[in-house]
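structure35.cif, holding mmCIF, C-alpha atoms:
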data_work
#
loop_
_atom_site.label_atom_id
_atom_site.label_comp_id
_atom_site.auth_asym_id
_atom_site.auth_seq_id
_atom_site.Cartn_x
_atom_site.Cartn_y
_atom_site.Cartn_z
CA MET H 163 -54.27 -74.03 -0.31
CA SER H 164 -54.14 -77.64 0.85
CA LYS H 165 -50.99 -79.62 0.19
CA LYS H 166 -51.39 -82.60 -2.18
CA ARG H 167 -51.48 -85.83 -0.20
CA ILE H 168 -49.05 -88.55 -1.20
CA LYS H 169 -50.72 -91.62 -2.70
CA VAL H 170 -49.30 -94.92 -1.50
CA CYS H 171 -50.05 -98.33 -3.00
CA ILE H 172 -49.34 -101.34 -0.79
CA VAL H 173 -48.89 -104.41 -2.98
CA ILE H 174 -49.33 -107.86 -1.42
CA PRO H 175 -48.50 -110.73 -3.80
CA SER H 176 -50.25 -113.83 -2.47
CA TYR H 177 -50.69 -117.47 -3.30
CA ASN H 178 -53.02 -119.72 -1.27
CA GLU H 179 -52.97 -117.44 1.79
CA GLU H 180 -56.63 -117.66 2.85
CA ALA H 181 -55.61 -118.42 6.46
CA VAL H 182 -53.80 -115.11 7.04
CA ILE H 183 -54.51 -112.65 4.23
CA GLY H 184 -57.47 -111.04 6.05
CA ASP H 185 -55.40 -110.28 9.17
CA VAL H 186 -52.50 -108.94 7.08
CA ILE H 187 -54.80 -106.53 5.21
CA ASP H 188 -56.53 -105.43 8.43
CA GLY H 189 -53.15 -104.76 10.07
CA VAL H 190 -51.95 -102.57 7.19
CA MET H 191 -55.31 -100.82 6.97
CA ASN H 192 -55.27 -99.90 10.69
CA ILE H 193 -51.75 -98.50 10.56
CA PHE H 194 -52.14 -96.49 7.35
CA LYS H 195 -55.53 -95.03 8.37
CA LYS H 196 -53.68 -93.19 11.13
CA SER H 197 -51.06 -91.86 8.68
CA ALA H 198 -51.04 -88.74 6.54
CA TYR H 199 -51.13 -90.68 3.29
CA ASP H 200 -53.86 -91.64 0.85
CA PHE H 201 -53.48 -95.35 0.38
CA ASP H 202 -54.83 -98.47 -1.30
CA ILE H 203 -54.03 -102.08 -0.61
CA VAL H 204 -53.67 -104.18 -3.75
CA CYS H 205 -53.66 -107.94 -3.37
CA ILE H 206 -52.26 -109.85 -6.34
CA ASP H 207 -53.77 -113.30 -6.20
CA ASP H 208 -51.26 -115.37 -8.14
CA GLY H 209 -53.62 -118.11 -9.29
CA SER H 210 -54.60 -119.34 -5.80
CA ARG H 211 -56.81 -122.41 -5.52
CA ASP H 212 -58.35 -121.27 -2.23
CA LYS H 213 -60.42 -118.24 -1.12
CA THR H 214 -57.52 -115.76 -0.96
CA ALA H 215 -59.07 -113.38 -3.51
CA SER H 216 -62.56 -113.25 -2.02
CA ILE H 217 -61.23 -112.82 1.55
CA ALA H 218 -58.89 -110.02 0.44
CA GLN H 219 -61.78 -108.27 -1.32
CA LYS H 220 -63.98 -108.63 1.77
CA HIS H 221 -61.28 -106.95 3.87
CA GLY H 222 -61.17 -103.92 1.57
CA ALA H 223 -58.27 -104.65 -0.78
CA ILE H 224 -58.28 -104.13 -4.53
CA VAL H 225 -57.81 -107.62 -5.94
CA ILE H 226 -56.02 -108.45 -9.18
CA ARG H 227 -56.31 -112.11 -10.04
CA HIS H 228 -53.72 -113.94 -12.10
CA ILE H 229 -55.27 -116.60 -14.26
CA LEU H 230 -52.12 -118.71 -13.95
CA ASN H 231 -49.63 -119.08 -11.11
CA ILE H 232 -46.51 -117.36 -12.41
CA GLY H 233 -44.48 -116.81 -9.26
CA ALA H 234 -43.62 -114.07 -6.77
CA GLY H 235 -41.61 -112.04 -9.32
CA GLY H 236 -44.48 -111.98 -11.80
CA ALA H 237 -47.07 -111.13 -9.14
CA THR H 238 -44.93 -108.27 -7.81
CA ALA H 239 -44.44 -106.96 -11.36
CA THR H 240 -48.22 -106.94 -11.90
CA GLY H 241 -48.79 -105.04 -8.64
CA LEU H 242 -46.15 -102.43 -9.39
CA SER H 243 -47.38 -102.06 -12.96
CA TYR H 244 -50.88 -101.39 -11.58
CA ALA H 245 -49.44 -98.81 -9.17
CA GLN H 246 -47.59 -97.13 -12.02
CA GLN H 247 -50.64 -97.08 -14.34
CA SER H 248 -52.88 -95.77 -11.55
CA GLY H 249 -50.59 -92.84 -10.77
CA TYR H 250 -49.42 -93.66 -7.24
CA ASP H 251 -46.48 -91.67 -5.88
CA VAL H 252 -45.04 -94.48 -3.77
CA ALA H 253 -45.54 -98.25 -3.72
CA ALA H 254 -44.62 -100.82 -1.10
CA THR H 255 -44.48 -104.58 -1.41
CA MET H 256 -44.85 -106.93 1.54
CA ASP H 257 -45.29 -110.67 2.09
CA ALA H 258 -48.78 -112.10 2.51
CA ASP H 259 -47.83 -114.65 5.17
CA GLY H 260 -47.78 -112.11 8.03
CA GLN H 261 -43.98 -112.04 8.21
CA HIS H 262 -43.81 -108.23 8.02
CA ALA H 263 -45.09 -105.79 10.62
CA PRO H 264 -47.39 -103.12 9.07
CA GLU H 265 -45.54 -100.49 11.15
CA ASP H 266 -42.37 -101.35 9.22
CA VAL H 267 -44.15 -100.69 5.91
CA LEU H 268 -45.20 -97.22 7.06
CA LYS H 269 -41.72 -96.58 8.46
CA GLY H 270 -40.21 -97.49 5.06
CA VAL H 271 -42.55 -95.13 3.19
CA LYS H 272 -41.54 -92.27 5.52
CA ILE H 273 -37.82 -93.02 5.06
CA LEU H 274 -38.15 -93.15 1.27
CA ILE H 275 -39.88 -89.77 1.17
CA LYS H 276 -37.49 -88.21 3.68
CA ASP H 277 -34.32 -89.54 1.98
CA ASP H 278 -35.66 -88.98 -1.55
CA ALA H 279 -34.55 -92.54 -2.40
CA ASP H 280 -35.78 -94.68 -5.31
CA LEU H 281 -35.76 -98.10 -3.71
CA ILE H 282 -35.62 -99.06 -0.06
CA ILE H 283 -35.22 -102.59 1.25
CA GLY H 284 -36.53 -103.62 4.64
CA SER H 285 -33.70 -105.77 5.97
CA ARG H 286 -34.44 -108.63 8.37
CA LEU H 287 -30.74 -109.26 8.83
CA ILE H 288 -29.50 -106.04 10.41
CA THR H 289 -30.86 -107.56 13.60
CA THR H 290 -31.59 -111.25 13.15
CA GLU H 291 -33.93 -111.61 16.11
CA GLY H 292 -36.53 -114.34 15.67
CA MET H 293 -34.94 -115.83 12.57
CA SER H 294 -33.77 -119.43 12.59
CA ARG H 295 -30.09 -120.22 11.95
CA VAL H 296 -30.96 -122.08 8.72
CA LYS H 297 -32.83 -119.03 7.40
CA ILE H 298 -29.99 -116.67 8.41
CA ILE H 299 -27.45 -118.83 6.55
CA GLY H 300 -29.72 -119.16 3.50
CA ASN H 301 -30.49 -115.43 3.28
CA LYS H 302 -26.92 -114.33 3.94
CA GLY H 303 -25.72 -116.85 1.36
CA LEU H 304 -28.07 -115.41 -1.28
CA SER H 305 -27.01 -111.85 -0.39
CA PHE H 306 -23.39 -112.94 -0.86
CA VAL H 307 -24.23 -114.49 -4.27
CA THR H 308 -26.01 -111.24 -5.22
CA TYR H 309 -22.87 -109.32 -4.27
CA ILE H 310 -20.56 -111.63 -6.25
CA LEU H 311 -22.74 -111.66 -9.38
CA PHE H 312 -24.02 -108.10 -9.44
CA GLY H 313 -21.80 -106.14 -7.06
CA ILE H 314 -24.74 -105.14 -4.83
CA ASN H 315 -23.97 -104.91 -1.15
CA SER H 316 -27.26 -105.62 0.62
CA THR H 317 -27.66 -107.31 3.99
CA ASP H 318 -30.96 -108.88 2.89
CA SER H 319 -31.26 -109.16 -0.88
CA GLN H 320 -34.28 -111.52 -0.58
CA SER H 321 -36.51 -109.34 1.56
CA GLY H 322 -40.07 -108.97 0.27
CA LEU H 323 -40.60 -105.65 2.03
CA ARG H 324 -39.53 -102.98 -0.42
CA ILE H 325 -40.54 -99.39 -1.03
CA PHE H 326 -40.50 -97.81 -4.50
CA SER H 327 -40.51 -94.20 -5.62
CA ARG H 328 -42.54 -93.03 -8.63
CA LYS H 329 -39.32 -93.05 -10.68
CA ALA H 330 -38.71 -96.71 -9.77
CA LEU H 331 -42.33 -97.59 -10.63
CA VAL H 332 -41.95 -96.09 -14.07
CA SER H 333 -38.57 -97.49 -15.04
CA LEU H 334 -37.76 -100.58 -12.97
CA ARG H 335 -38.38 -103.86 -14.87
CA TRP H 336 -36.97 -107.36 -14.49
CA LYS H 337 -37.10 -110.60 -16.45
CA THR H 338 -37.41 -113.41 -13.90
CA SER H 339 -40.74 -114.58 -12.48
CA GLY H 340 -39.69 -116.61 -9.45
CA TYR H 341 -38.05 -115.60 -6.17
CA GLU H 342 -34.81 -114.75 -7.98
CA PHE H 343 -36.47 -111.49 -9.01
CA CYS H 344 -35.45 -110.07 -5.60
CA SER H 345 -31.79 -110.03 -6.59
CA GLU H 346 -32.43 -109.21 -10.23
CA MET H 347 -34.51 -106.19 -9.24
CA LEU H 348 -31.58 -104.78 -7.26
CA TRP H 349 -29.30 -105.37 -10.23
CA ARG H 350 -31.66 -103.53 -12.61
CA ALA H 351 -31.98 -100.66 -10.13
CA LYS H 352 -28.19 -100.43 -9.94
CA GLN H 353 -27.93 -100.45 -13.75
CA GLN H 354 -30.29 -97.47 -13.79
CA LYS H 355 -28.22 -95.70 -11.14
CA MET H 356 -31.12 -95.54 -8.71
CA LYS H 357 -30.64 -94.49 -5.12
CA ILE H 358 -30.94 -97.72 -3.11
CA SER H 359 -30.83 -97.97 0.66
CA GLU H 360 -32.06 -100.24 3.44
CA TYR H 361 -33.50 -100.05 6.93
CA SER H 362 -33.93 -102.50 9.73
CA ILE H 363 -37.22 -104.36 10.11
CA GLN H 364 -38.40 -107.15 12.35
CA ALA H 365 -39.29 -110.55 10.94
CA ILE H 366 -42.32 -112.21 12.52
CA TYR H 367 -42.01 -115.95 12.19
CA THR H 368 -45.12 -117.92 13.10
CA GLU H 369 -45.55 -121.65 12.53
CA TYR H 370 -47.59 -120.67 9.48
CA SER H 371 -44.96 -118.40 7.90
CA LYS H 372 -42.22 -120.94 8.66
CA ALA H 373 -44.15 -123.61 6.80
CA LYS H 374 -44.91 -121.26 3.88
CA GLY H 375 -41.43 -119.80 3.47
CA GLN H 376 -38.84 -120.83 0.93
CA ASN H 377 -36.70 -123.84 1.72
CA ASN H 378 -32.99 -124.06 1.04
CA TRP H 379 -33.51 -126.33 -1.97
CA ASN H 380 -35.23 -123.41 -3.65
CA GLY H 381 -32.22 -121.30 -2.67
CA ILE H 382 -30.09 -123.47 -4.97
CA ASN H 383 -32.64 -122.91 -7.73
CA ILE H 384 -32.40 -119.15 -7.18
CA VAL H 385 -28.59 -119.22 -7.42
CA LYS H 386 -28.76 -121.26 -10.64
CA SER H 387 -31.26 -118.92 -12.21
CA LEU H 388 -29.25 -115.80 -11.25
CA LEU H 389 -26.07 -117.33 -12.60
CA ARG H 390 -27.78 -118.19 -15.88
CA ARG H 391 -29.24 -114.68 -16.15
CA ARG H 392 -25.82 -113.13 -15.51
CA VAL H 393 -24.08 -115.30 -18.12
CA GLU H 394 -26.81 -114.84 -20.72
CA GLU H 395 -26.68 -111.09 -20.36
CA MET H 396 -22.95 -111.14 -21.16
CA PHE H 397 -23.80 -112.38 -24.69
CA GLU H 398 -26.75 -110.10 -25.35
CA MET A 167 -3.37 -134.11 -19.35
CA ARG A 168 -5.95 -133.87 -22.12
CA TYR A 169 -8.00 -136.50 -20.39
CA ILE A 170 -8.05 -134.34 -17.25
CA ILE A 171 -9.15 -131.30 -19.28
CA LEU A 172 -11.91 -133.38 -20.89
CA VAL A 173 -13.16 -134.53 -17.48
CA LEU A 174 -12.85 -131.04 -15.94
CA LEU A 175 -14.84 -129.49 -18.79
CA ASN A 176 -17.64 -132.03 -18.72
CA LEU A 177 -17.89 -133.07 -15.09
CA PRO A 178 -19.49 -129.75 -13.90
CA VAL A 179 -22.23 -130.12 -16.52
CA ILE A 180 -23.04 -133.64 -15.35
CA LEU A 181 -22.94 -132.63 -11.68
CA LEU A 182 -25.18 -129.64 -12.42
CA ALA A 183 -27.64 -131.93 -14.19
CA LEU A 184 -27.65 -134.30 -11.19
CA VAL A 185 -28.20 -131.42 -8.71
CA ASN A 186 -30.99 -130.10 -10.92
CA ILE A 187 -32.74 -133.48 -10.96
CA VAL A 188 -32.50 -133.85 -7.16
CA ILE A 189 -33.91 -130.32 -6.64
CA GLN A 190 -36.80 -130.96 -9.06
CA TYR A 191 -37.57 -134.21 -7.26
CA LYS A 192 -37.29 -132.70 -3.77
CA MET A 193 -39.59 -129.85 -4.79
CA LYS A 194 -42.07 -132.44 -6.08
CA LYS A 195 -41.86 -131.22 -9.65
CA MET A 196 -40.73 -134.62 -10.92
CA SER A 197 -42.21 -138.09 -10.45
CA ALA A 198 -40.17 -140.82 -8.72
CA ARG A 199 -40.12 -142.80 -11.98
CA ARG A 200 -38.76 -139.93 -14.05
CA PHE A 201 -36.28 -139.16 -11.26
CA GLN A 202 -34.93 -142.72 -11.45
CA HIS A 203 -34.65 -142.61 -15.25
CA GLN A 204 -32.86 -139.28 -15.21
CA ILE A 205 -30.45 -140.37 -12.47
CA ILE A 206 -29.59 -143.54 -14.40
CA LEU A 207 -29.08 -141.58 -17.64
CA TRP A 208 -26.67 -139.10 -16.09
CA ILE A 209 -24.78 -141.70 -14.06
CA VAL A 210 -24.24 -143.73 -17.26
CA THR A 211 -23.00 -140.53 -18.94
CA LEU A 212 -20.67 -139.98 -15.99
CA ILE A 213 -19.30 -143.52 -16.25
CA VAL A 214 -18.74 -143.10 -20.01
CA LEU A 215 -16.91 -139.83 -19.40
CA VAL A 216 -14.70 -141.23 -16.64
CA SER A 217 -13.89 -144.37 -18.65
CA SER A 218 -13.24 -142.47 -21.88
CA PHE A 219 -9.47 -142.73 -21.43
CA PRO A 220 -9.28 -146.56 -21.46
CA ILE A 221 -11.89 -146.66 -24.25
CA TYR A 222 -9.83 -144.22 -26.31
CA ASN A 223 -6.65 -146.23 -25.63
CA TYR A 224 -8.38 -149.36 -26.76
CA ALA A 225 -9.63 -147.69 -29.94
CA ILE A 226 -6.18 -146.31 -30.79
CA GLY A 227 -4.52 -149.66 -29.99
CA ASN A 228 -6.84 -151.33 -32.46
CA SER A 229 -6.48 -148.58 -35.11
CA LEU A 230 -10.17 -147.66 -34.96
CA PHE A 231 -9.48 -143.93 -35.49
CA ASP A 232 -6.89 -144.25 -38.24
CA SER A 233 -7.43 -141.54 -40.82
CA SER A 234 -4.72 -139.84 -42.91
CA GLU A 235 -6.78 -136.70 -43.71
CA LEU A 236 -10.05 -135.00 -42.82
CA SER A 237 -12.79 -137.52 -43.50
CA LEU A 238 -16.26 -136.73 -44.77
CA PHE A 239 -17.53 -137.82 -41.38
CA ASP A 240 -15.32 -135.21 -39.65
CA ILE A 241 -16.72 -132.47 -41.92
CA ALA A 242 -20.31 -133.56 -41.34
CA GLN A 243 -19.76 -133.83 -37.58
CA THR A 244 -18.24 -130.34 -37.25
CA THR A 245 -21.01 -128.85 -39.42
CA VAL A 246 -23.70 -130.48 -37.31
CA ILE A 247 -22.12 -129.20 -34.07
CA ILE A 248 -21.93 -125.62 -35.41
CA TYR A 249 -25.48 -125.81 -36.69
CA MET A 250 -26.68 -127.14 -33.33
CA VAL A 251 -25.01 -124.30 -31.42
CA TYR A 252 -26.59 -121.78 -33.82
CA SER A 253 -29.99 -123.42 -33.56
CA PHE A 254 -29.81 -123.75 -29.75
CA ASN A 255 -29.00 -120.08 -29.39
CA ASN A 256 -31.83 -119.05 -31.70
CA GLN A 257 -34.33 -121.23 -29.89
CA ARG A 258 -33.25 -119.86 -26.53
CA ARG A 259 -33.84 -116.30 -27.73
CA ARG A 260 -37.24 -117.14 -29.17
CA ILE A 261 -38.31 -118.88 -25.97
CA GLU A 262 -37.24 -115.87 -23.93
CA GLN A 263 -39.13 -113.46 -26.21
CA ASN A 264 -42.26 -115.63 -26.02
CA GLU A 265 -41.97 -115.91 -22.23
CA LYS A 266 -41.78 -112.14 -21.94
CA MET A 267 -44.71 -111.63 -24.29
CA ILE A 268 -46.90 -114.11 -22.38
CA ARG A 269 -45.92 -112.60 -19.03
CA ASP A 270 -46.70 -109.05 -20.19
CA LEU A 271 -49.97 -110.17 -21.75
CA HIS A 272 -50.99 -112.05 -18.59
CA GLN A 273 -50.13 -109.03 -16.45
CA GLU A 274 -52.11 -106.62 -18.63
CA ILE A 275 -55.15 -108.92 -18.85
CA SER A 276 -55.17 -109.34 -15.04
CA ILE A 277 -55.04 -105.57 -14.46
CA ARG A 278 -57.76 -104.84 -17.03
CA LEU A 279 -60.04 -107.56 -15.69
CA ALA A 280 -59.64 -106.20 -12.17
CA GLY A 281 -60.76 -102.76 -13.41
CA LYS A 282 -64.07 -104.12 -14.73
#

What is this file in structure tokens?
Amino acid sequence: MSKKRIKVCIVIPSYNEEAVIGDVIDGVMNIFKKSAYDFDIVCIDDGSRDKTASIAQKHGAIVIRHILNIGAGGATATGLSYAQQSGYDVAATMDADGQHAPEDVLKGVKILIKDDADLIIGSRLITTEGMSRVKIIGNKGLSFVTYILFGINSTDSQSGLRIFSRKALVSLRWKTSGYEFCSEMLWRAKQQKMKISEYSIQAIYTEYSKAKGQNNWNGINIVKSLLRRRVEEMFE
Amino acid sequence: MRYIILVLLNLPVILLALVNIVIQYKMKKMSARRFQHQIILWIVTLIVLVSSFPIYNYAIGNSLFDSSELSLFDIAQTTVIIYMVYSFNNQRRRIEQNEKMIRDLHQEISIRLAGK
């Protein structure tokens, strides 16, 4: 009797990424075709004003279009909700700007299955090769804030490359819609006593991804939002 | 001493408001005109806060706050403050519930439309 193949859903939240989304999808497709998994690539077009959705569709991804732009947290939630409703065993999220190597996504899926973990974070800061000093300071700063507010010790709390087990897909929910969801998600996972771990990935910074990435002003916004969430929850 | 406590309690709020305005402006979510207005408003508030001690001294020196017992104004003021806190908290909760409902609705509509 043949063994049931594991179904993997690769979620790519994207906003105005027409320049790179095709290459990102092709890269993931090529790597996962050689793997032992059944897989689908789901592109969440978060209200883009360019051709992101049509290009993603042309390259073989399932496209879910947001009518409004609600932010990375909201787009990720939609993708994971789709994965949960469609019965996938494992889901992975990755950035649409080409910052993550498709090999690292596959590596994360294998580690999650092998370690029987619930949530795995691909950390760009175990080795910081290729990352600018400003980005290292910003990301380490936000990981420190995440530790102070929520007691979660992660080297890269803001990484967009994450792998989720079926259990995490079913029960993990968060309230924020912007980039602060990265830290909040870890907090919710900790509240639910999920098994969280991390592994080292490489960060590919091109001129494009540098221009698209978050700036440090938004980092202050993230800290403010996390602080507010933490305080509000104390009175709920 | 009380003056220091007053400043320490209120200064972080004003500084937070100023940082917030600068971030909104830098992220191009606020027009230059609105940015100027907001900066002026909060700097005036800051000046009023910092100069509250001499203003208070002046008011006391000229018996402007003389009152032997709780005045009707004191009662009304305290009631309004309590009501405002209650109302603010209720509004915050409602906004959060509505935000969640809209987000969930948007998510579900997007998924269903993609399935068609």

Give me, as an mmCIF file with C-alpha atoms, in the coordinates of the input, all polymer residues having an atom no more than 9 Å from Leu184 of chain A, counting only C-alpha atoms and skipping those fewer than 5 positions away in the same chain.
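Final output, result-v2.cif:
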data_model
loop_
_atom_site.group_PDB
_atom_site.id
_atom_site.type_symbol
_atom_site.label_atom_id
_atom_site.label_comp_id
_atom_site.auth_asym_id
_atom_site.auth_seq_id
_atom_site.Cartn_x
_atom_site.Cartn_y
_atom_site.Cartn_z
ATOM 1 C CA VAL A 179 -22.230 -130.120 -16.520
ATOM 2 C CA ILE A 189 -33.910 -130.320 -6.640
ATOM 3 C CA GLN A 204 -32.860 -139.280 -15.210
ATOM 4 C CA ILE A 205 -30.450 -140.370 -12.470
ATOM 5 C CA TRP A 208 -26.670 -139.100 -16.090
ATOM 6 C CA ILE A 209 -24.780 -141.700 -14.060
#

Residue contacts of Phe194 of chain H (12 Å, all atoms listed in the file) excluding same-chain residues fewer than 3 positions away, as a list in words:
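The residues satisfying every condition are Lys169, Val170, Cys171, Ile172, Ile187, Asp188, Gly189, Val190, Met191, Ser197, Ala198, Tyr199, Asp200, Phe201, Asp202, Ile203, Pro264, Glu265, Asp266, Val267, Leu268, Lys269, Val271 and Lys272 of chain H.
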
Please identify every residue of chain A that has at least one atom no farther than 10 Å from an atom of chain H, counting all atoms listed in the file, and for each give the shortest atom pair and the distance in Å to one decimal, arranged by chain then increasing number, as CSV.
residue,atom,partner,partner_atom,distance
A:Leu182,CA,H:Lys386,CA,9.3
A:Val185,CA,H:Ile382,CA,9.0
A:Asn186,CA,H:Asn383,CA,8.0
A:Val188,CA,H:Trp379,CA,9.2
A:Ile189,CA,H:Trp379,CA,6.2
A:Gln190,CA,H:Trp379,CA,9.1
A:Lys192,CA,H:Trp379,CA,7.6
A:Met193,CA,H:Trp379,CA,7.6
A:Arg259,CA,H:Glu398,CA,9.7
A:Glu262,CA,H:Lys337,CA,9.2
A:Glu265,CA,H:Lys337,CA,9.2
A:Lys266,CA,H:Lys337,CA,7.4
A:Arg269,CA,H:Gly236,CA,7.4
A:Asp270,CA,H:Thr240,CA,8.7
A:His272,CA,H:His228,CA,7.3
A:Gln273,CA,H:Thr240,CA,5.4
A:Glu274,CA,H:Thr240,CA,7.8
A:Ile275,CA,H:His228,CA,8.5
A:Ser276,CA,H:His228,CA,5.6
A:Ile277,CA,H:Ile226,CA,6.1
A:Arg278,CA,H:Ile226,CA,8.8
A:Leu279,CA,H:Ile226,CA,7.7
A:Ala280,CA,H:Ile226,CA,5.2
A:Gly281,CA,H:Ile226,CA,8.5

Can you write just those residues out, C-alpha atoms, as a PDB file, in the frame of the given file?
ATOM      1  CA  LEU A 182     -25.180-129.640 -12.420  1.00  0.00           C
ATOM      2  CA  VAL A 185     -28.200-131.420  -8.710  1.00  0.00           C
ATOM      3  CA  ASN A 186     -30.990-130.100 -10.920  1.00  0.00           C
ATOM      4  CA  VAL A 188     -32.500-133.850  -7.160  1.00  0.00           C
ATOM      5  CA  ILE A 189     -33.910-130.320  -6.640  1.00  0.00           C
ATOM      6  CA  GLN A 190     -36.800-130.960  -9.060  1.00  0.00           C
ATOM      7  CA  LYS A 192     -37.290-132.700  -3.770  1.00  0.00           C
ATOM      8  CA  MET A 193     -39.590-129.850  -4.790  1.00  0.00           C
ATOM      9  CA  ARG A 259     -33.840-116.300 -27.730  1.00  0.00           C
ATOM     10  CA  GLU A 262     -37.240-115.870 -23.930  1.00  0.00           C
ATOM     11  CA  GLU A 265     -41.970-115.910 -22.230  1.00  0.00           C
ATOM     12  CA  LYS A 266     -41.780-112.140 -21.940  1.00  0.00           C
ATOM     13  CA  ARG A 269     -45.920-112.600 -19.030  1.00  0.00           C
ATOM     14  CA  ASP A 270     -46.700-109.050 -20.190  1.00  0.00           C
ATOM     15  CA  HIS A 272     -50.990-112.050 -18.590  1.00  0.00           C
ATOM     16  CA  GLN A 273     -50.130-109.030 -16.450  1.00  0.00           C
ATOM     17  CA  GLU A 274     -52.110-106.620 -18.630  1.00  0.00           C
ATOM     18  CA  ILE A 275     -55.150-108.920 -18.850  1.00  0.00           C
ATOM     19  CA  SER A 276     -55.170-109.340 -15.040  1.00  0.00           C
ATOM     20  CA  ILE A 277     -55.040-105.570 -14.460  1.00  0.00           C
ATOM     21  CA  ARG A 278     -57.760-104.840 -17.030  1.00  0.00           C
ATOM     22  CA  LEU A 279     -60.040-107.560 -15.690  1.00  0.00           C
ATOM     23  CA  ALA A 280     -59.640-106.200 -12.170  1.00  0.00           C
ATOM     24  CA  GLY A 281     -60.760-102.760 -13.410  1.00  0.00           C
TER      25      GLY A 281
END

Starting from the PyMOL selection byres ((chain H and resi 284) around 12), expand the selection into actual residues of this file and give them as a PyMOL selection string.
chain H and resi 254-257+261-271+273-274+281-283+285-289+316-326+358-365

Report the residues retrieved by the PyMOL selection byres ((chain A and resi 211) around 12) from the displayed file, expressed as an MDAnalysis selection string.
chainID A and resid 173 176:177 179:181 183:184 204:210 212:218

Taking the file as shown, find all residues satisfying the PyMOL selection byres ((chain H and resi 345) around 9) and write them as a ChimeraX atom specification.
/H:304-305,308,312,314,319-320,341-344,346-350,388

What's around Lys220 of chain H at 12 Å? Count only C-alpha atoms, leave out sequence neighbours fewer than 3 positions away in its own chain, and write the answer as a PDB file with C-alpha atoms, keeping the file's coordinate frame.
ATOM      1  CA  GLU H 180     -56.630-117.660   2.850  1.00  0.00           C
ATOM      2  CA  ILE H 183     -54.510-112.650   4.230  1.00  0.00           C
ATOM      3  CA  GLY H 184     -57.470-111.040   6.050  1.00  0.00           C
ATOM      4  CA  ASP H 185     -55.400-110.280   9.170  1.00  0.00           C
ATOM      5  CA  ILE H 187     -54.800-106.530   5.210  1.00  0.00           C
ATOM      6  CA  ASP H 188     -56.530-105.430   8.430  1.00  0.00           C
ATOM      7  CA  CYS H 205     -53.660-107.940  -3.370  1.00  0.00           C
ATOM      8  CA  LYS H 213     -60.420-118.240  -1.120  1.00  0.00           C
ATOM      9  CA  THR H 214     -57.520-115.760  -0.960  1.00  0.00           C
ATOM     10  CA  ALA H 215     -59.070-113.380  -3.510  1.00  0.00           C
ATOM     11  CA  SER H 216     -62.560-113.250  -2.020  1.00  0.00           C
ATOM     12  CA  ILE H 217     -61.230-112.820   1.550  1.00  0.00           C
ATOM     13  CA  ALA H 223     -58.270-104.650  -0.780  1.00  0.00           C
ATOM     14  CA  ILE H 224     -58.280-104.130  -4.530  1.00  0.00           C
ATOM     15  CA  VAL H 225     -57.810-107.620  -5.940  1.00  0.00           C
TER      16      VAL H 225
END

Computed interatomic separation between atom CA of Gln219 of chain H and atom CA of Val204 of chain H (Å)
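Between these atoms lies a distance of 9.4 Å.
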
Quick one: distance from atom CA of Leu389 of chain H to atom CA of Tyr309 of chain H in Å, one decimal?
12.0 Å

Could you state the separation of atom CA of Pro175 of chain H and atom CA of Arg392 of chain H in Å, given to one decimal place?
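According to the coordinates, atom CA of Pro175 of chain H and atom CA of Arg392 of chain H are separated by 25.6 Å.
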
What would the list of residues within 12 Å of (-28.6, -121.4, -25.6) (file frame) look like as a list of chain:residue names, if all atoms listed in the file are what count?
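Collected hits near the coordinates: H:Arg390, H:Arg391, H:Val393, H:Glu394, H:Glu395, H:Phe397, H:Glu398, A:Met250, A:Val251, A:Tyr252, A:Ser253, A:Phe254, A:Asn255, A:Asn256, A:Gln257, A:Arg258, A:Arg259, A:Arg260, A:Ile261, A:Glu262.
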
For the selection you just gave me, I'd like the residues written to a file as a compact mmCIF listing (two decimals), keeping the file's coordinate frame, keeping C-alpha atoms.
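Saved the output as result-v7.txt:
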# COMPACT_ATOMS: atom_id res chain seq x y z
CA ARG H 390 -27.78 -118.19 -15.88
CA ARG H 391 -29.24 -114.68 -16.15
CA VAL H 393 -24.08 -115.30 -18.12
CA GLU H 394 -26.81 -114.84 -20.72
CA GLU H 395 -26.68 -111.09 -20.36
CA PHE H 397 -23.80 -112.38 -24.69
CA GLU H 398 -26.75 -110.10 -25.35
CA MET A 250 -26.68 -127.14 -33.33
CA VAL A 251 -25.01 -124.30 -31.42
CA TYR A 252 -26.59 -121.78 -33.82
CA SER A 253 -29.99 -123.42 -33.56
CA PHE A 254 -29.81 -123.75 -29.75
CA ASN A 255 -29.00 -120.08 -29.39
CA ASN A 256 -31.83 -119.05 -31.70
CA GLN A 257 -34.33 -121.23 -29.89
CA ARG A 258 -33.25 -119.86 -26.53
CA ARG A 259 -33.84 -116.30 -27.73
CA ARG A 260 -37.24 -117.14 -29.17
CA ILE A 261 -38.31 -118.88 -25.97
CA GLU A 262 -37.24 -115.87 -23.93
